[in-house]
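Student: Pasting a structure here, questions to come.
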Amino acid sequence: MRVTRLWIKDFRNIENVVLEFGDKLNIFTGKNGSGKTNTIEALRMSLSLKSHRENKNVNFIRHSCSRADVKAEIVFDDLTTATSHLAILPNKKSVKFDGQENMKKNTLRLNCPVIFFAPEDLDLIKGGPSVRRDFIDEAVSFLSPRYAKELKEYYEILRQKSFLLKNYRESDKGLLELYNEALAKCGSSIVRHRIKFLREFDEYLISLHRSLSGSDDICLNYISNIYDDASSALTEEIYLLKLSERSREEILSRQCLLGIHKDDIAVILSGRNSRSFASQGQQRTLAICMKLGMIGFYKEKTDQKAIVMLDDVMSELDSQRRSQLIEILSDTQTFITATEDNFSHDAAEKKIFSVSDGIITTIADNRP
Ligand SMILES: Nc1ncnc2c1ncn2[C@@H]1O[C@H](COP(=O)(O)OP(=O)(O)OP(=O)(O)O)[C@@H](O)[C@H]1O
Ligand SMILES: [Mg+2]
C-alpha cells in the first residue's frame, strides 16, 4: 500500500496542511520542535489509531481548538483506493475507513500495515523482558487469532491464581492445582507458538542485519523459565511438573513465580547478549531490524506491502548504515524525520519537506 495524500487539521502544532507524498522516500526536515514527529504521528494515527507518545485525546488537538482531523488517501497494491479519516474530540477518537465508521485497531492493522520506529523502540533491545515479550505477543497475535485468545486466557487465569495465592489457605489446594493445569495448557502452547515464530523471524532478521551492518552473527534465543532449552519437548506435562515443583515456594511467597509471563528473548550479537554488550548504534540497528523484520509477515498476512515510518533514527547510525537503510527501503514507501538530511543523496526517488513551526513545505521533489 501507499499513502498518496494527507490532510492534517488542528493536530498538535499543525493548523491546516495538505501533503502529496511520493511512492518511495519522503523526508521531513526541520529544527527541534518544528512538527516533524507530529506530522508522521498524524499519518500513523490516521491509519492505525495508535500513537507512540500518548493516548490523551486533548493533547493531540491544537491548543485552543475543539477537534483535530487527519485524512489519508491510500492506494493498495491491487490499485484499489480508500480514505481513512481520523477524528479526535476531547472525549473520543475514531477512524472512518473506506466509509465505515469506528474501525477497530485490529481491523485497521489488517487493512493498513504500518511499521513505525521511534527512538523509544531502542527499548526492544535495551529494555526489560516485558518489551520483548510484548513485541513477540503482538506479532504472533496478529498472525494467529488462536494465540491472542490463549494469551488472554493465560493472563486471566494468572490473575485468579495471584489472587488465590495472596489469600491462600490449605483448603485452596485443589483450586490451585486446577489453575496450574489450565496455565500449563495455555502456557505450553504459547511457548510453542513463540518459538515457532522466532525460528521464522530469525531468517528475516539475519538477512536485514547483514544488509544493514555487514554482520550476520546474530540470533534470537527464547529464554524460558519452564523449559531448559527451546529444543526440548515443550509439553504441557513438563510445564505442569515445573509448576508443581515450585508450588510450595509460590504459596510461601504468595506470588506466581514462574510461567510464560516471565520469559524473555535474548538478542545475541556476536555470541553476546546485545542488551548489555552492544553499543548504542548497534542496539539501534538491531531494534530497526526487529521492526523491519515484520514487513515479510505483514505481506504474507495482508497481501500488502507495509509502509514504514522512521522517527529520528538516522542521527545515531553511521553513514554506511544510513545509506544501507535507504537502500533496503528503496522499494517501500517510507517516511523519515531528521533535523538534517545527510542520508538521502543516493536515493533515486525522493520528496523532501521542510517543517517549521507546524508549516510544511515541499523543498525537493525528484520523482520521475
Ligand atoms: N496540542 C498541541 N497544540 C499545539 N502545539 C503542540 C501541541 N502538542 C505539541 N505541540 C508542539 O509541537 C512541537 C513538537 O513537535 P514535534 O514533536 O513534532 O517536534 P519535532 O520537529 O519532531 O522535534 P525534534 O527534532 O526535537 O524531534 C512542540 O513545540 C510542542 O509544543
Ligand atoms: Mg521529533
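Each chain of the C-alpha cells is named A, B, ... in the order shown, its residues numbered from 1; ligands are numbered from 1 in display order.
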Dump the neighbourhood of ligand 1 as a ChimeraX atom specification: all residues within 9 Å, distances computed on only C-alpha atoms and all ligand atoms.

Tutor: /A:10-15,28-41,58-65,311-312,337-339,355-358

Student: Please produce a file of those selected residues containing C-alpha atoms, as a short mmCIF file (atom, residue, chain, number, x, y, z; two decimals), in the first residue's frame.

Tutor:
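selection_31.cif written:
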```
data_model
loop_
_atom_site.label_atom_id
_atom_site.label_comp_id
_atom_site.auth_asym_id
_atom_site.auth_seq_id
_atom_site.Cartn_x
_atom_site.Cartn_y
_atom_site.Cartn_z
CA ASP A 10 -5.58 21.27 14.05
CA PHE A 11 -3.44 18.30 15.02
CA ARG A 12 -0.83 19.35 17.65
CA ASN A 13 1.08 22.35 16.20
CA ILE A 14 -0.20 21.82 12.65
CA GLU A 15 -3.06 24.13 11.69
CA PHE A 28 10.70 15.72 6.83
CA THR A 29 13.48 18.01 7.96
CA GLY A 30 13.44 20.94 10.34
CA LYS A 31 14.61 22.19 13.68
CA ASN A 32 13.80 20.59 17.02
CA GLY A 33 10.20 21.23 17.99
CA SER A 34 9.10 22.22 14.47
CA GLY A 35 6.48 19.48 14.00
CA LYS A 36 8.26 16.64 12.18
CA THR A 37 7.23 13.92 14.62
CA ASN A 38 3.74 15.45 14.80
CA THR A 39 3.41 15.01 11.02
CA ILE A 40 4.22 11.31 10.96
CA GLU A 41 2.32 10.74 14.19
CA VAL A 58 -6.89 16.65 24.18
CA ASN A 59 -3.12 16.58 23.78
CA PHE A 60 -3.47 15.81 20.07
CA ILE A 61 -5.85 18.72 19.49
CA ARG A 62 -4.17 22.03 18.65
CA HIS A 63 -4.26 24.39 21.62
CA SER A 64 -7.50 26.40 21.73
CA CYS A 65 -9.20 24.21 19.07
CA ASP A 311 11.21 8.97 13.55
CA ASP A 312 14.60 10.39 14.31
CA THR A 337 12.09 12.61 10.09
CA ALA A 338 15.51 14.14 10.75
CA THR A 339 16.89 17.51 11.74
CA VAL A 355 8.88 21.70 8.60
CA SER A 356 8.91 24.96 10.51
CA ASP A 357 6.56 25.88 13.31
CA GLY A 358 3.90 23.47 12.06
#
```

Student: Mind checking which residues fall within 6 Å of Leu86 (chain A), counting only C-alpha atoms, ignoring those fewer than 5 positions away in the same chain, and posting them as JSON, numbers by chain?

Tutor: {"A": [46, 69, 70, 94, 95]}

Student: What does the structure give for the distance between CA of Gly296 (chain A) and CA of Ser141 (chain A), in Å to one decimal?

Tutor: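 Atom-to-atom, CA of Gly296 (chain A) and CA of Ser141 (chain A) are spaced 15.6 Å apart.
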
Student: If you run DSSP on the backbone, which residues of region 9-182 of chain A are helix (DSSP H, G or I), as a VMD selection string?

Tutor: chain A and resid 36 to 48 57 to 60 105 to 111 119 to 126 129 to 143 145 to 166 170 to 182

Student: Need the shell around Lys161 (chain A): protein/DNA/RNA residues with any atom at most 8 Å away, counting only C-alpha atoms. Skip same-chain ones fewer than 6 positions apart. Format as a ChimeraX atom specification?

Tutor: /A:176,179,256

Student: Using DSSP on the backbone coordinates, identify all residues within region 111-148 of chain A classified as strand (DSSP E or B); present the result as a list of chain:residue names.

Tutor: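 The residues of region 111-148 of chain A classed as strand (DSSP E or B) are A:Val114, A:Ile115, A:Phe116, A:Phe117.
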
Student: Emit the selected residues as an mmCIF file, in the first residue's frame, including N, CA and C atoms.

Tutor:
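File out-v3.cif, as written:
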```
data_model
loop_
_atom_site.group_PDB
_atom_site.id
_atom_site.type_symbol
_atom_site.label_atom_id
_atom_site.label_comp_id
_atom_site.auth_asym_id
_atom_site.auth_seq_id
_atom_site.Cartn_x
_atom_site.Cartn_y
_atom_site.Cartn_z
ATOM 1 N N VAL A 114 1.388 -0.904 8.942
ATOM 2 C CA VAL A 114 2.296 0.224 9.163
ATOM 3 C C VAL A 114 3.406 -0.215 10.115
ATOM 4 N N ILE A 115 4.629 0.115 9.776
ATOM 5 C CA ILE A 115 5.735 -0.127 10.697
ATOM 6 C C ILE A 115 6.270 1.217 11.130
ATOM 7 N N PHE A 116 6.271 1.446 12.422
ATOM 8 C CA PHE A 116 6.667 2.747 12.955
ATOM 9 C C PHE A 116 7.845 2.543 13.885
ATOM 10 N N PHE A 117 8.905 3.290 13.655
ATOM 11 C CA PHE A 117 10.055 3.176 14.550
ATOM 12 C C PHE A 117 10.365 4.533 15.157
#
```

Student: Using only C-alpha atoms, determine which residues lie at most 6 Å from Met309 (chain A), disregarding the query and same-chain residues fewer than 2 positions distant; provide the list as a PyMOL selection string.

Tutor: chain A and resi 116+334-336

Student: List the spatial neighbours of region 184-197 of chain A as a list in words - criterion: any atom at most 9 Å away, only C-alpha atoms, same-chain residues fewer than 5 positions off excluded.

Tutor: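 Answer for this query is Ile136, Asp137, Ala139, Val140, Tyr147, Glu150, Leu151, Glu153, Tyr154, Tyr179, Asp202, Asn221, Tyr222, Ser224, Ala230, Leu234, Thr235, Glu236, Glu237, Ile238, Tyr239, Leu240, Leu241, Leu243, Gly259, Ile260 and His261 of chain A.
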
Student: Suppose we keep C-alpha atoms; can you now write the selection as a compact mmCIF listing (two decimals), in the first residue's frame?

Tutor:
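Produced file again_5.txt, reproduced below:
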```txt
# COMPACT_ATOMS: atom_id res chain seq x y z
CA ILE A 136 6.52 -11.09 20.11
CA ASP A 137 2.99 -11.33 21.57
CA ALA A 139 3.41 -10.14 16.26
CA VAL A 140 2.14 -13.66 16.94
CA TYR A 147 -2.67 -17.27 20.07
CA GLU A 150 -4.79 -18.24 24.56
CA LEU A 151 -2.75 -15.29 25.76
CA GLU A 153 -6.95 -16.77 28.78
CA TYR A 154 -3.50 -17.27 30.31
CA TYR A 179 -5.25 -23.21 37.93
CA ASP A 202 15.31 -15.20 12.65
CA ASN A 221 17.18 -17.13 21.80
CA TYR A 222 13.99 -17.82 23.65
CA SER A 224 12.03 -19.96 29.13
CA ALA A 230 13.96 -24.32 23.33
CA LEU A 234 7.71 -28.25 25.03
CA THR A 235 4.94 -30.30 26.57
CA GLU A 236 2.06 -29.44 28.85
CA GLU A 237 3.20 -32.23 31.22
CA ILE A 238 6.66 -30.76 31.78
CA TYR A 239 5.14 -27.32 32.28
CA LEU A 240 2.77 -28.67 34.92
CA LEU A 241 5.56 -30.62 36.61
CA LEU A 243 4.70 -25.52 38.35
CA GLY A 259 5.46 -19.08 33.73
CA ILE A 260 5.49 -17.55 30.28
CA HIS A 261 4.80 -14.10 31.72
```

Student: Check the smallest atom-to-atom distance from each of A:Ser144, A:Ser48, A:Glu138, A:Ala182 to Asn102 (chain A) using only C-alpha atoms, then report the winner.

Tutor: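 Looking at the shortest contact to Asn102 (chain A), the residue is A:Ser48.
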